[in-house]
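Participant: So here's my_file.cif (mmCIF, C-alpha atoms).
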data_structure
loop_
_atom_site.label_atom_id
_atom_site.label_comp_id
_atom_site.auth_asym_id
_atom_site.auth_seq_id
_atom_site.Cartn_x
_atom_site.Cartn_y
_atom_site.Cartn_z
CA MET A 1 8.89 -19.57 17.55
CA ARG A 2 12.61 -18.92 17.63
CA SER A 3 14.85 -17.21 15.07
CA ASP A 4 17.58 -19.28 13.47
CA GLN A 5 21.22 -18.27 13.45
CA PRO A 6 21.79 -15.93 10.49
CA GLY A 7 22.64 -18.00 7.43
CA MET A 8 22.37 -17.58 3.69
CA THR A 9 18.62 -18.22 3.51
CA THR A 10 17.88 -15.90 6.44
CA THR A 11 20.09 -13.17 4.99
CA VAL A 12 18.38 -13.42 1.61
CA LEU A 13 14.98 -13.35 3.31
CA ARG A 14 15.83 -10.19 5.22
CA GLY A 15 17.34 -8.50 2.18
CA SER A 16 14.37 -9.29 -0.05
CA LEU A 17 11.93 -7.81 2.47
CA ALA A 18 14.02 -4.64 2.76
CA LEU A 19 13.99 -4.31 -1.02
CA LEU A 20 10.21 -4.82 -1.17
CA ILE A 21 9.67 -2.05 1.39
CA ILE A 22 11.57 0.53 -0.65
CA ALA A 23 10.43 -0.75 -4.07
CA PRO A 24 7.20 1.36 -4.23
CA LEU A 25 9.44 4.44 -4.12
CA ILE A 26 11.13 3.37 -7.36
CA ASN A 27 8.65 1.90 -9.85
CA VAL A 28 6.39 -1.06 -10.64
CA GLY A 29 9.24 -3.18 -12.03
CA PRO A 30 11.24 -3.20 -8.78
CA VAL A 31 8.03 -3.99 -6.85
CA ASN A 32 7.42 -7.13 -8.91
CA ILE A 33 11.07 -8.19 -8.82
CA SER A 34 11.41 -7.73 -5.05
CA ALA A 35 8.10 -9.56 -4.49
CA PHE A 36 9.44 -12.49 -6.51
CA LEU A 37 12.67 -12.43 -4.48
CA LEU A 38 10.67 -12.49 -1.25
CA LEU A 39 8.63 -15.41 -2.57
CA LEU A 40 11.80 -17.29 -3.43
CA ALA A 41 13.53 -16.41 -0.16
CA SER A 42 10.49 -17.42 1.90
CA SER A 43 10.28 -20.74 0.07
CA LEU A 44 13.98 -21.42 0.72
CA TRP A 45 13.65 -20.49 4.39
CA LEU A 46 10.61 -22.73 4.84
CA ALA A 47 12.39 -25.58 3.03
CA LYS A 48 15.08 -25.30 5.69
CA HIS A 49 12.49 -25.01 8.48
CA PRO A 50 9.59 -27.15 7.18
CA ASP A 51 7.80 -27.32 10.54
CA GLN A 52 7.49 -23.54 10.79
CA TRP A 53 4.77 -23.12 8.13
CA TRP A 54 2.12 -25.05 10.01
CA ALA A 55 3.46 -23.97 13.39
CA TYR A 56 2.53 -20.44 12.43
CA TRP A 57 -0.70 -20.96 10.49
CA ARG A 58 -2.31 -23.32 12.99
CA GLN A 59 -2.49 -20.27 15.27
CA HIS A 60 -4.35 -18.33 12.56
CA ARG A 61 -6.48 -20.91 10.78
CA PRO A 62 -9.40 -18.57 9.87
CA LEU A 63 -6.97 -16.16 8.19
CA LEU A 64 -5.31 -18.99 6.29
CA LEU A 65 -8.68 -20.36 5.21
CA ILE A 66 -9.99 -17.07 3.81
CA THR A 67 -6.63 -16.35 2.15
CA LEU A 68 -6.73 -19.71 0.34
CA LEU A 69 -10.46 -19.62 -0.46
CA LEU A 70 -10.21 -16.35 -2.35
CA PRO A 71 -7.91 -17.71 -5.11
CA VAL A 72 -10.31 -20.65 -5.47
CA ALA A 73 -13.15 -18.18 -6.09
CA PHE A 74 -10.98 -16.39 -8.69
CA TRP A 75 -10.20 -19.68 -10.44
CA LEU A 76 -13.83 -20.77 -10.45
CA SER A 77 -14.99 -17.48 -11.99
CA ASN A 78 -12.35 -17.67 -14.71
CA LEU A 79 -13.29 -21.28 -15.39
CA LEU A 80 -17.04 -20.64 -15.65
CA ASN A 81 -16.41 -17.72 -18.00
CA ASP A 82 -14.08 -19.86 -20.12
CA ASN A 83 -11.41 -17.14 -19.99
CA GLU A 84 -8.11 -17.61 -21.78
CA GLY A 85 -5.17 -18.55 -19.59
CA ILE A 86 -7.27 -19.53 -16.58
CA MET A 87 -4.34 -20.44 -14.33
CA ALA A 88 -2.26 -17.42 -15.39
CA ALA A 89 -5.18 -15.06 -14.76
CA THR A 90 -5.87 -16.65 -11.38
CA PHE A 91 -2.22 -16.38 -10.37
CA SER A 92 -2.03 -12.75 -11.50
CA GLN A 93 -4.95 -11.83 -9.24
CA SER A 94 -3.83 -14.07 -6.36
CA ARG A 95 -0.06 -13.65 -6.29
CA TRP A 96 0.02 -11.27 -3.33
CA LEU A 97 -2.20 -13.60 -1.31
CA LEU A 98 -0.04 -16.61 -2.12
CA LEU A 99 3.08 -14.65 -1.25
CA LEU A 100 1.55 -13.84 2.13
CA THR A 101 0.92 -17.52 2.94
CA LEU A 102 4.64 -18.24 2.48
CA ALA A 103 6.18 -15.02 3.75
CA ALA A 104 4.22 -14.70 7.01
CA PRO A 105 5.70 -17.82 8.72
CA ALA A 106 9.18 -16.97 7.43
CA ILE A 107 9.01 -13.37 8.68
CA ALA A 108 7.59 -14.48 12.04
CA GLY A 109 10.41 -16.96 12.60
CA GLY A 110 13.33 -15.52 10.65
CA PHE A 111 13.54 -11.99 12.04
CA ASP A 112 14.71 -10.65 15.38
CA ARG A 113 14.52 -7.12 16.76
CA ARG A 114 18.03 -6.23 15.70
CA THR A 115 17.19 -7.15 12.10
CA TRP A 116 14.06 -5.00 12.11
CA ARG A 117 16.02 -2.06 13.48
CA ARG A 118 18.57 -2.36 10.68
CA ILE A 119 15.85 -2.62 8.04
CA PHE A 120 14.03 0.33 9.59
CA TYR A 121 17.16 2.48 9.47
CA PHE A 122 17.92 1.41 5.88
CA VAL A 123 14.37 2.20 4.76
CA CYS A 124 14.38 5.60 6.51
CA VAL A 125 17.64 6.66 4.88
CA THR A 126 16.50 5.42 1.45
CA THR A 127 13.14 7.18 1.80
CA LEU A 128 14.89 10.42 2.74
CA MET A 129 16.98 10.16 -0.42
CA PHE A 130 13.94 9.63 -2.63
CA THR A 131 12.04 12.41 -0.83
CA ALA A 132 14.85 14.81 -1.72
CA ILE A 133 14.73 13.67 -5.37
CA TYR A 134 10.96 14.08 -5.53
CA CYS A 135 11.12 17.54 -3.92
CA ILE A 136 13.78 18.75 -6.35
CA ASP A 137 11.75 17.41 -9.28
CA THR A 138 8.60 19.13 -7.97
CA GLY A 139 10.43 22.45 -7.64
CA LEU A 140 12.01 22.23 -11.09
CA TYR A 141 8.80 21.17 -12.80
CA TRP A 142 6.55 23.73 -11.15
CA GLY A 143 9.06 26.56 -11.05
CA PHE A 144 10.80 26.13 -14.40
CA ASN A 145 8.67 23.59 -16.31
CA SER A 146 11.77 21.42 -16.38
CA ASN A 147 12.01 17.63 -16.58
CA PHE A 148 15.71 17.67 -15.77
CA MET A 149 15.49 15.05 -12.98
CA LEU A 150 13.59 12.63 -15.20
CA ASP A 151 15.91 13.28 -18.13
CA VAL A 152 18.84 12.23 -15.94
CA VAL A 153 17.32 8.77 -15.47
CA ASP A 154 15.86 8.67 -19.01
CA ALA A 155 12.25 8.43 -17.80
CA GLU A 156 8.97 10.06 -18.78
CA ARG A 157 6.40 11.85 -16.66
CA VAL A 158 3.03 10.09 -16.50
CA ASP A 159 0.95 13.09 -15.40
CA LEU A 160 1.78 16.38 -17.11
CA LEU A 161 -0.27 18.47 -14.68
CA ARG A 162 0.99 17.11 -11.37
CA PRO A 163 4.62 16.44 -10.40
CA SER A 164 4.31 12.77 -9.42
CA TRP A 165 7.67 11.58 -10.79
CA VAL A 166 7.17 8.57 -13.12
CA PHE A 167 4.03 7.37 -11.33
CA ASN A 168 0.32 7.67 -11.66
CA PRO A 169 -0.48 10.29 -8.96
CA HIS A 170 -3.01 8.08 -7.20
CA PRO A 171 -0.92 5.03 -6.19
CA PHE A 172 2.03 7.40 -5.71
CA SER A 173 0.04 9.29 -3.07
CA ARG A 174 -0.44 6.07 -1.08
CA THR A 175 3.32 5.56 -1.07
CA LEU A 176 3.82 9.13 0.17
CA VAL A 177 1.32 8.63 3.01
CA ALA A 178 3.12 5.43 4.04
CA ALA A 179 6.43 7.32 3.97
CA LEU A 180 4.94 10.00 6.22
CA LEU A 181 3.98 7.32 8.74
CA LEU A 182 7.50 5.88 8.50
CA PHE A 183 9.04 9.24 9.38
CA ALA A 184 6.53 9.64 12.20
CA ALA A 185 7.78 6.33 13.63
CA ALA A 186 11.40 7.48 13.30
CA LEU A 187 10.56 10.78 14.95
CA ALA A 188 8.91 9.01 17.90
CA THR A 189 11.68 6.46 18.46
CA THR A 190 14.80 8.60 18.35
CA GLY A 191 16.43 10.74 20.99
CA ASN A 192 18.95 12.31 18.63
CA GLU A 193 18.00 15.90 17.85
CA MET A 194 19.79 15.97 14.51
CA TRP A 195 17.96 12.84 13.37
CA ARG A 196 14.66 14.33 14.56
CA MET A 197 15.25 17.45 12.49
CA ILE A 198 16.08 15.33 9.43
CA CYS A 199 12.85 13.34 9.88
CA LEU A 200 10.84 16.55 10.27
CA ALA A 201 12.39 17.89 7.07
CA GLY A 202 11.46 14.66 5.33
CA MET A 203 7.86 14.92 6.55
CA LEU A 204 7.67 18.52 5.36
CA GLY A 205 8.98 17.51 1.94
CA LEU A 206 6.44 14.70 1.67
CA ALA A 207 3.65 17.07 2.68
CA VAL A 208 4.65 19.47 -0.11
CA ILE A 209 4.64 16.65 -2.68
CA LEU A 210 1.25 15.43 -1.46
CA ILE A 211 -0.21 18.92 -1.76
CA ALA A 212 1.31 19.29 -5.24
CA GLY A 213 -0.16 15.94 -6.25
CA ALA A 214 -3.65 17.13 -5.23
CA VAL A 215 -5.12 13.61 -5.07
CA ARG A 216 -8.43 13.96 -3.26
CA THR A 217 -8.37 10.48 -1.77
CA ALA A 218 -4.91 10.99 -0.28
CA LEU A 219 -6.02 14.28 1.27
CA LEU A 220 -9.09 12.56 2.73
CA SER A 221 -6.86 9.75 4.03
CA LEU A 222 -4.69 12.27 5.87
CA ALA A 223 -7.73 13.64 7.66
CA VAL A 224 -9.09 10.16 8.44
CA ILE A 225 -5.83 8.77 9.82
CA ALA A 226 -5.29 11.93 11.85
CA ALA A 227 -8.76 11.47 13.38
CA CYS A 228 -7.99 7.79 14.03
CA GLY A 229 -4.83 8.89 15.77
CA VAL A 230 -6.82 10.92 18.26
CA VAL A 231 -9.48 8.25 18.81
CA LEU A 232 -7.29 5.13 19.00
CA TYR A 233 -3.97 6.40 20.27
CA ALA A 234 -4.76 9.33 22.54
CA ARG A 235 -1.33 10.72 23.34
CA ARG A 236 -0.13 14.27 23.72
CA GLY A 237 0.74 15.73 20.34
CA LEU A 238 -1.76 13.75 18.32
CA PHE A 239 -4.31 16.56 18.44
CA PHE A 240 -1.64 18.62 16.73
CA GLY A 241 -1.36 15.81 14.20
CA LEU A 242 -5.12 16.00 13.62
CA ALA A 243 -4.88 19.72 12.92
CA VAL A 244 -1.96 19.17 10.55
CA GLY A 245 -3.89 16.47 8.69
CA PHE A 246 -6.85 18.77 8.09
CA ILE A 247 -4.63 21.70 7.10
CA LEU A 248 -2.75 19.56 4.56
CA GLY A 249 -6.08 18.37 3.18
CA ALA A 250 -7.37 21.93 2.80
CA LEU A 251 -4.16 23.09 1.13
CA GLY A 252 -4.27 20.13 -1.23
CA LEU A 253 -7.86 20.82 -2.24
CA TRP A 254 -6.99 24.46 -2.88
CA THR A 255 -4.03 23.38 -4.99
CA ARG A 256 -6.24 21.02 -6.96
CA ALA A 257 -8.63 23.87 -7.70
CA GLN A 258 -5.74 25.86 -9.14
CA ILE A 259 -4.48 22.97 -11.28
CA PHE A 260 -7.78 21.76 -12.69
CA PRO A 261 -10.42 24.12 -14.11
CA GLN A 262 -13.92 23.57 -12.77
CA GLN A 263 -15.04 22.07 -16.08
CA SER A 264 -12.25 19.48 -15.97
CA ALA A 265 -13.03 18.63 -12.34
CA ASP A 266 -16.71 18.18 -13.19
CA GLN A 267 -15.82 15.93 -16.14
CA SER A 268 -13.58 13.79 -13.93
CA LEU A 269 -16.42 13.31 -11.46
CA GLN A 270 -18.81 12.56 -14.30
CA PHE A 271 -16.36 10.01 -15.65
CA ARG A 272 -16.10 8.21 -12.31
CA THR A 273 -19.86 8.28 -11.81
CA ALA A 274 -20.44 6.77 -15.24
CA LEU A 275 -17.87 4.05 -14.56
CA PHE A 276 -19.54 3.23 -11.26
CA GLU A 277 -22.97 3.02 -12.88
CA GLN A 278 -21.68 0.80 -15.68
CA GLY A 279 -19.91 -1.34 -13.11
CA ILE A 280 -23.15 -1.91 -11.22
CA LEU A 281 -24.87 -2.92 -14.46
CA ALA A 282 -22.03 -5.31 -15.33
CA PHE A 283 -22.27 -6.87 -11.87
CA LEU A 284 -26.05 -7.35 -12.22
CA GLU A 285 -25.54 -9.15 -15.54
CA LYS A 286 -23.37 -11.80 -13.84
CA PRO A 287 -24.13 -11.43 -10.13
CA TRP A 288 -22.89 -14.75 -8.74
CA PHE A 289 -19.48 -15.43 -10.29
CA GLY A 290 -18.81 -12.24 -12.28
CA GLY A 291 -17.04 -12.01 -15.61
CA GLY A 292 -13.62 -13.25 -14.53
CA TYR A 293 -10.22 -11.60 -14.41
CA GLN A 294 -10.29 -7.91 -15.46
CA ALA A 295 -13.90 -8.18 -16.60
CA ALA A 296 -14.27 -4.43 -16.07
CA ARG A 297 -12.28 -3.85 -19.26
CA GLU A 298 -15.37 -4.99 -21.16
CA ILE A 299 -17.60 -2.36 -19.58
CA PRO A 300 -19.17 -0.19 -22.35
CA TRP A 301 -18.45 3.51 -22.24
CA PRO A 302 -21.33 6.01 -22.41
CA GLU A 303 -21.37 7.94 -25.70
CA SER A 304 -21.17 11.24 -23.85
CA LEU A 305 -17.72 10.29 -22.55
CA GLN A 306 -16.25 8.67 -25.65
CA ALA A 307 -13.89 11.58 -26.34
CA PHE A 308 -12.64 11.59 -22.77
CA THR A 309 -12.22 7.84 -22.45
CA ALA A 310 -10.39 7.64 -25.76
CA THR A 311 -7.38 9.07 -23.93
CA GLN A 312 -7.45 6.19 -21.42
CA THR A 313 -5.28 3.12 -21.93
CA LEU A 314 -6.75 -0.35 -21.79
CA ALA A 315 -4.73 -1.11 -18.66
CA THR A 316 -6.38 1.71 -16.71
CA THR A 317 -9.94 0.88 -17.75
CA ASN A 318 -11.64 -0.19 -14.53
CA THR A 319 -14.40 0.82 -12.17
CA HIS A 320 -12.07 2.96 -10.02
CA VAL A 321 -13.56 1.26 -6.92
CA GLN A 322 -11.72 -1.80 -5.62
CA TRP A 323 -14.77 -3.33 -3.95
CA LEU A 324 -16.93 -2.92 -7.06
CA GLU A 325 -14.10 -4.23 -9.22
CA MET A 326 -14.17 -7.49 -7.25
CA LEU A 327 -17.94 -7.78 -7.72
CA VAL A 328 -17.70 -7.20 -11.47
CA SER A 329 -14.84 -9.67 -11.89
CA TYR A 330 -15.80 -12.40 -9.42
CA GLY A 331 -19.44 -11.81 -8.57
CA LEU A 332 -21.12 -11.80 -5.20
CA ILE A 333 -19.19 -14.86 -4.03
CA GLY A 334 -15.76 -13.50 -4.86
CA GLY A 335 -16.67 -9.95 -3.83
CA VAL A 336 -17.95 -10.94 -0.40
CA LEU A 337 -14.95 -13.19 0.16
CA PHE A 338 -12.63 -10.31 -0.75
CA VAL A 339 -14.32 -7.90 1.67
CA LEU A 340 -14.17 -10.58 4.37
CA PHE A 341 -10.50 -11.22 3.57
CA TRP A 342 -9.62 -7.54 3.72
CA SER A 343 -11.59 -7.00 6.93
CA LEU A 344 -10.17 -10.01 8.77
CA TRP A 345 -6.60 -8.98 8.00
CA GLY A 346 -7.46 -5.44 9.03
CA TRP A 347 -8.74 -6.79 12.34
CA PHE A 348 -5.53 -8.76 12.66
CA VAL A 349 -3.49 -5.53 12.30
CA PHE A 350 -5.79 -3.76 14.77
CA THR A 351 -5.44 -6.58 17.31
CA ALA A 352 -1.66 -6.60 16.92
CA GLN A 353 -1.38 -2.96 17.92
CA ARG A 354 -3.93 -3.28 20.76
CA GLN A 355 -2.06 -6.18 22.36
CA ALA A 356 1.37 -4.59 22.03
CA THR A 357 2.97 -2.20 24.51
CA GLY A 358 5.43 0.69 24.35
CA LYS A 359 7.15 1.20 21.01
CA PHE A 360 5.65 -2.05 19.78
CA ARG A 361 2.21 -0.52 20.15
CA LEU A 362 3.30 2.65 18.37
CA ALA A 363 4.64 0.55 15.48
CA GLY A 364 1.39 -1.43 15.33
CA PHE A 365 -0.66 1.74 15.43
CA LEU A 366 1.20 3.24 12.47
CA LEU A 367 0.74 -0.02 10.57
CA LEU A 368 -2.97 0.22 11.29
CA LEU A 369 -3.08 3.79 9.97
CA ASN A 370 -1.48 2.61 6.73
CA TRP A 371 -4.14 -0.09 6.43
CA VAL A 372 -6.78 2.63 6.96
CA SER A 373 -5.17 4.75 4.23
CA LEU A 374 -5.28 1.85 1.78
CA THR A 375 -8.87 1.01 2.73
CA VAL A 376 -10.02 4.60 2.08
CA ALA A 377 -8.22 4.46 -1.27
CA GLY A 378 -10.23 1.37 -2.22
CA PHE A 379 -13.34 3.54 -2.59
CA THR A 380 -11.80 5.61 -5.40
CA THR A 381 -9.24 3.35 -7.08
CA VAL A 382 -8.37 -0.22 -7.98
CA TYR A 383 -5.24 -1.45 -6.22
CA ARG A 384 -2.06 -1.66 -8.26
CA GLU A 385 1.24 -3.38 -7.52
CA SER A 386 2.58 -0.64 -5.26
CA GLU A 387 -0.58 -0.59 -3.16
CA TRP A 388 -0.58 -4.37 -2.82
CA ALA A 389 3.07 -4.20 -1.77
CA LEU A 390 2.22 -1.60 0.90
CA TRP A 391 -0.63 -3.82 2.12
CA LEU A 392 1.65 -6.86 2.31
CA ILE A 393 4.32 -4.92 4.22
CA THR A 394 1.66 -3.70 6.66
CA VAL A 395 0.37 -7.22 7.31
CA LEU A 396 3.86 -8.72 7.62
CA GLY A 397 4.77 -6.04 10.14
CA ALA A 398 1.72 -7.02 12.20
CA VAL A 399 2.66 -10.70 11.80
CA TRP A 400 6.02 -10.07 13.39
CA LEU A 401 4.53 -7.96 16.19
CA THR A 402 2.11 -10.72 17.21
CA GLN A 403 4.99 -13.18 17.52
CA HIS A 404 7.46 -10.92 19.35
CA ARG A 405 5.37 -8.45 21.34
CA GLY A 406 6.53 -9.90 24.66
CA GLU A 407 10.20 -9.16 24.06
CA PRO A 408 11.87 -6.38 26.11
CA GLU A 409 12.33 -3.02 24.44
CA GLU A 410 15.67 -1.62 23.35
CA PRO A 411 16.93 1.97 23.60
CA ASN A 412 15.86 4.62 21.07
CA LEU A 413 17.42 4.83 17.64
CA HIS A 414 20.29 7.30 17.29
CA THR A 415 20.39 8.34 20.91
CA GLY A 416 24.07 9.03 20.63
CA HIS A 417 24.96 6.48 23.34
#
Please go through the file and, once you have read it, give me the structure as structure tokens.
Facilitator:
Amino acid sequence: MRSDQPGMTTTVLRGSLALLIIAPLINVGPVNISAFLLLLASSLWLAKHPDQWWAYWRQHRPLLLITLLLPVAFWLSNLLNDNEGIMAATFSQSRWLLLLTLAAPAIAGGFDRRTWRRIFYFVCVTTLMFTAIYCIDTGLYWGFNSNFMLDVVDAERVDLLRPSWVFNPHPFSRTLVAALLLFAAALATTGNEMWRMICLAGMLGLAVILIAGAVRTALLSLAVIAACGVVLYARRGLFFGLAVGFILGALGLWTRAQIFPQQSADQSLQFRTALFEQGILAFLEKPWFGGGYQAAREIPWPESLQAFTATQTLATTNTHVQWLEMLVSYGLIGGVLFVLFWSLWGWFVFTAQRQATGKFRLAGFLLLLNWVSLTVAGFTTVYRESEWALWLITVLGAVWLTQHRGEPEEPNLHTGH
């Protein structure tokens, strides 16, 4: 599948993907806007190259089938439950899947190595800038109880205990882990010592923010992906990475103990346990097709937690487990299809990195680690826009690798030559 000569549609396609990659660093609004731009750009590119959609998907028919079956299961559940706005609810739950079906062929055929290198450099520089902003905000908030950085942009802090900028700490931590993997890729592909030092400084800053955030799932993810690094990509230096992952996790857990009193920590665990139990009961009430889109919002709260849950907004009322959320909303049929969908695309990412060589394999491996991070998160959270964007970026990266893994490698970034 060849790349076309750069034209307006190709330029817009490349720009929209670059914006989507950095959007989770900014806020939910930019994520949705950049996703829409990528949808539009992919549609325009495919309109100009109509044969490329099937040329790509005929190579991956099982993936296409499961990706299209899942929205059908969503629609059927909403229909059987007579939910309001059936099509709107189905689209809201399926939009990232539908975007994938259009973006994958466009990314596979519309990007060359030079384009990826430019996007990679742009994303690295942008991430370094946001890392500096986050670090300054963390220092000011913890050291001086100051919201100066947020006041500058006229924004409000979501979590008053943890310095997580304008975000909920949980999805924010997934963005930070992805940024760490990005800097690891930059560190491994550059021969310029100054650039290496800058990347190391960025990784250190991200580690500080992750520890300050004290999100248990993120700390567990660091340990898991470090262990995966040793098992799946046994290279010198990765054992050091394993040690660093465990040390960061230990420091984060210690920090969490300082931030949250034991009583508060116990109540948080009790809250999650109660949600899980109520989620199981809701699933058993409608086991086959579930209750439809966002059915978990109807889960009754135990009386013992009424005071605690009264502080929760309707938008955050869910089971806090992605896999259970799918069962509650779409029953056994939709839940099993979702697990199959997630697993097949995970296998696709795994296969992409196993079949690649050299720096291609390193890139695929880091994409796989990001998929692992998101998968671990699914056991303690329900995916939001930023996490879906990170998943889509991971899959699209693997899509490109499978189509271009045979191309010769180029010199390192910033070698000074």
Participant: Might you pull out every residue within 7 Å of A:Leu206, with all atoms listed in the file counted and same-chain residues fewer than 6 positions away left off, and present them as a list in words?
Facilitator: Thr131, Leu176 and Leu180 of chain A
Participant: Would you kindly return, as a list of chain:residue names, each protein, DNA or RNA residue with an atom no farther than 7 Å from any atom of stretch 374-381 of chain A, considering all atoms listed in the file and excluding same-chain residues fewer than 2 positions away?
Facilitator: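 Near stretch 374-381 of chain A, the qualifying residues are A:Thr217, A:Ser221, A:His320, A:Val321, A:Gln322, A:Trp323, A:Asn370, A:Trp371, A:Val372, A:Tyr383.
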Participant: For the structure shown, which residues end up in the PyMOL selection byres ((chain A and resi 336-344) around 10)? Put them as an MDAnalysis selection string, please?
Facilitator: chainID A and resid 62:71 73 97 322:323 326:327 330:335 345:350 371 375 391
Participant: Once the PyMOL selection byres ((chain A and resi 158-164) around 7) has been evaluated on this model, what residues remain selected, and can you format them as a VMD selection string?
Facilitator: chain A and resid 138 141 156 to 157 165 to 169 172 212 to 213
Participant: Grab the atom CA of A:Phe122 to atom CA of A:Arg361 distance for me, in Å with one decimal place.
Facilitator: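 The value is 21.3 Å.
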Participant: For a quick check of understanding, using only C-alpha atoms, which of A:Ala55, A:Val152, A:Ala214, A:Leu38 has the smallest distance to A:Arg95?
Facilitator: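 Looking only at the distances to A:Arg95, the closest residue turns out to be A:Leu38.
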Participant: Take atom CA of A:Ala363 and atom CA of A:Ala188 and report the distance between them in Å, one decimal.
Facilitator: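 Calculated distance between atom CA of A:Ala363 and atom CA of A:Ala188 is 9.8 Å.
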Participant: Just to confirm, what's the straight-line distance from atom CA of A:Gln355 to atom CA of A:Leu401 in Å (one decimal)?
Facilitator: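 Answer for the atom CA of A:Gln355 to atom CA of A:Leu401 separation: 9.2 Å.
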Participant: Have a look at A:Thr319, A:Thr273, A:Thr351, A:Ser42 and name the one nearest to A:Gly110; count all atoms listed in the file.
Facilitator: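 Answer, going by the shortest atom-to-atom distance: A:Ser42.
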Participant: Any chance you could work out the axis-aligned box around stretch 108-115 of chain A, listed atoms only, 6 Å on each side, giving centre and edge lengths in Å to one decimal, as JSON?
Facilitator:
{"center_x": 12.8, "center_y": -11.6, "center_z": 13.7, "size_x": 22.4, "size_y": 22.7, "size_z": 18.1}
Participant: Measuring between all atoms listed in the file, which one of A:Lys359, A:Arg384, A:His404, A:Arg114 shows the shortest distance to A:Asn27?
Facilitator: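 Among A:Lys359, A:Arg384, A:His404, A:Arg114, it is A:Arg384 that comes nearest to A:Asn27.
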Participant: Exactly which residues make up the result of the PyMOL selection byres ((chain A and resi 75-88) around 8) on this file, given as a ChimeraX atom specification?
Facilitator: /A:71-74,89-92,289-293,329-331
Participant: Can you tell me which residues surround A:Thr115 at a distance of at most 12 Å, considering all atoms listed in the file, apart from same-chain residues fewer than 6 positions away, and format the answer as a ChimeraX atom specification?
Facilitator: /A:3,5-6,10-11,13-15,17-18,107,109,121-122,400
Participant: Between A:Ala398, A:Leu392, A:Ala282, A:Val123, which is the closest to A:Phe360 once you count all atoms listed in the file?
Facilitator: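 Nearest to A:Phe360: A:Ala398.
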Participant: Counting all atoms listed in the file, which residue out of A:Ala155, A:Leu369, A:Met197, A:Ala389 sits closest to A:Val224?
Facilitator: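 Looking only at the distances to A:Val224, the closest residue turns out to be A:Leu369.
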Participant: For A:Leu390, which of A:Arg174, A:Lys286, A:Arg118, A:Arg113 is the closest residue, counting all atoms listed in the file?
Facilitator: A:Arg174
Participant: Could you add whatever atoms are missing so that stretch 364-377 of chain A carries N, CA and C atoms, then write the result as a PDB file, keeping the file's coordinate frame?
Facilitator:
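Writing the result to result_24.pdb gives the following:
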ATOM      1  N   GLY A 364       2.637  -0.818  15.772  1.00  0.00           N
ATOM      2  CA  GLY A 364       1.390  -1.430  15.330  1.00  0.00           C
ATOM      3  C   GLY A 364       0.341  -0.410  14.963  1.00  0.00           C
ATOM      4  N   PHE A 365       0.315   0.688  15.711  1.00  0.00           N
ATOM      5  CA  PHE A 365      -0.660   1.740  15.430  1.00  0.00           C
ATOM      6  C   PHE A 365      -0.392   2.387  14.071  1.00  0.00           C
ATOM      7  N   LEU A 366       0.864   2.646  13.764  1.00  0.00           N
ATOM      8  CA  LEU A 366       1.200   3.240  12.470  1.00  0.00           C
ATOM      9  C   LEU A 366       0.923   2.277  11.326  1.00  0.00           C
ATOM     10  N   LEU A 367       1.126   0.982  11.569  1.00  0.00           N
ATOM     11  CA  LEU A 367       0.740  -0.020  10.570  1.00  0.00           C
ATOM     12  C   LEU A 367      -0.766   0.009  10.331  1.00  0.00           C
ATOM     13  N   LEU A 368      -1.516   0.156  11.411  1.00  0.00           N
ATOM     14  CA  LEU A 368      -2.970   0.220  11.290  1.00  0.00           C
ATOM     15  C   LEU A 368      -3.396   1.448  10.481  1.00  0.00           C
ATOM     16  N   LEU A 369      -2.737   2.582  10.720  1.00  0.00           N
ATOM     17  CA  LEU A 369      -3.080   3.790   9.970  1.00  0.00           C
ATOM     18  C   LEU A 369      -2.794   3.599   8.476  1.00  0.00           C
ATOM     19  N   ASN A 370      -1.753   2.865   8.148  1.00  0.00           N
ATOM     20  CA  ASN A 370      -1.480   2.610   6.730  1.00  0.00           C
ATOM     21  C   ASN A 370      -2.559   1.721   6.127  1.00  0.00           C
ATOM     22  N   TRP A 371      -3.033   0.739   6.907  1.00  0.00           N
ATOM     23  CA  TRP A 371      -4.140  -0.090   6.430  1.00  0.00           C
ATOM     24  C   TRP A 371      -5.390   0.774   6.218  1.00  0.00           C
ATOM     25  N   VAL A 372      -5.643   1.722   7.110  1.00  0.00           N
ATOM     26  CA  VAL A 372      -6.780   2.630   6.960  1.00  0.00           C
ATOM     27  C   VAL A 372      -6.633   3.462   5.681  1.00  0.00           C
ATOM     28  N   SER A 373      -5.424   3.968   5.429  1.00  0.00           N
ATOM     29  CA  SER A 373      -5.170   4.750   4.230  1.00  0.00           C
ATOM     30  C   SER A 373      -5.480   3.941   2.969  1.00  0.00           C
ATOM     31  N   LEU A 374      -5.039   2.700   2.938  1.00  0.00           N
ATOM     32  CA  LEU A 374      -5.280   1.850   1.780  1.00  0.00           C
ATOM     33  C   LEU A 374      -6.768   1.510   1.641  1.00  0.00           C
ATOM     34  N   THR A 375      -7.440   1.331   2.766  1.00  0.00           N
ATOM     35  CA  THR A 375      -8.870   1.010   2.730  1.00  0.00           C
ATOM     36  C   THR A 375      -9.666   2.186   2.176  1.00  0.00           C
ATOM     37  N   VAL A 376      -9.351   3.395   2.623  1.00  0.00           N
ATOM     38  CA  VAL A 376     -10.020   4.600   2.080  1.00  0.00           C
ATOM     39  C   VAL A 376      -9.777   4.691   0.578  1.00  0.00           C
ATOM     40  N   ALA A 377      -8.543   4.387   0.161  1.00  0.00           N
ATOM     41  CA  ALA A 377      -8.220   4.460  -1.270  1.00  0.00           C
ATOM     42  C   ALA A 377      -9.059   3.494  -2.087  1.00  0.00           C
TER      43      ALA A 377
END
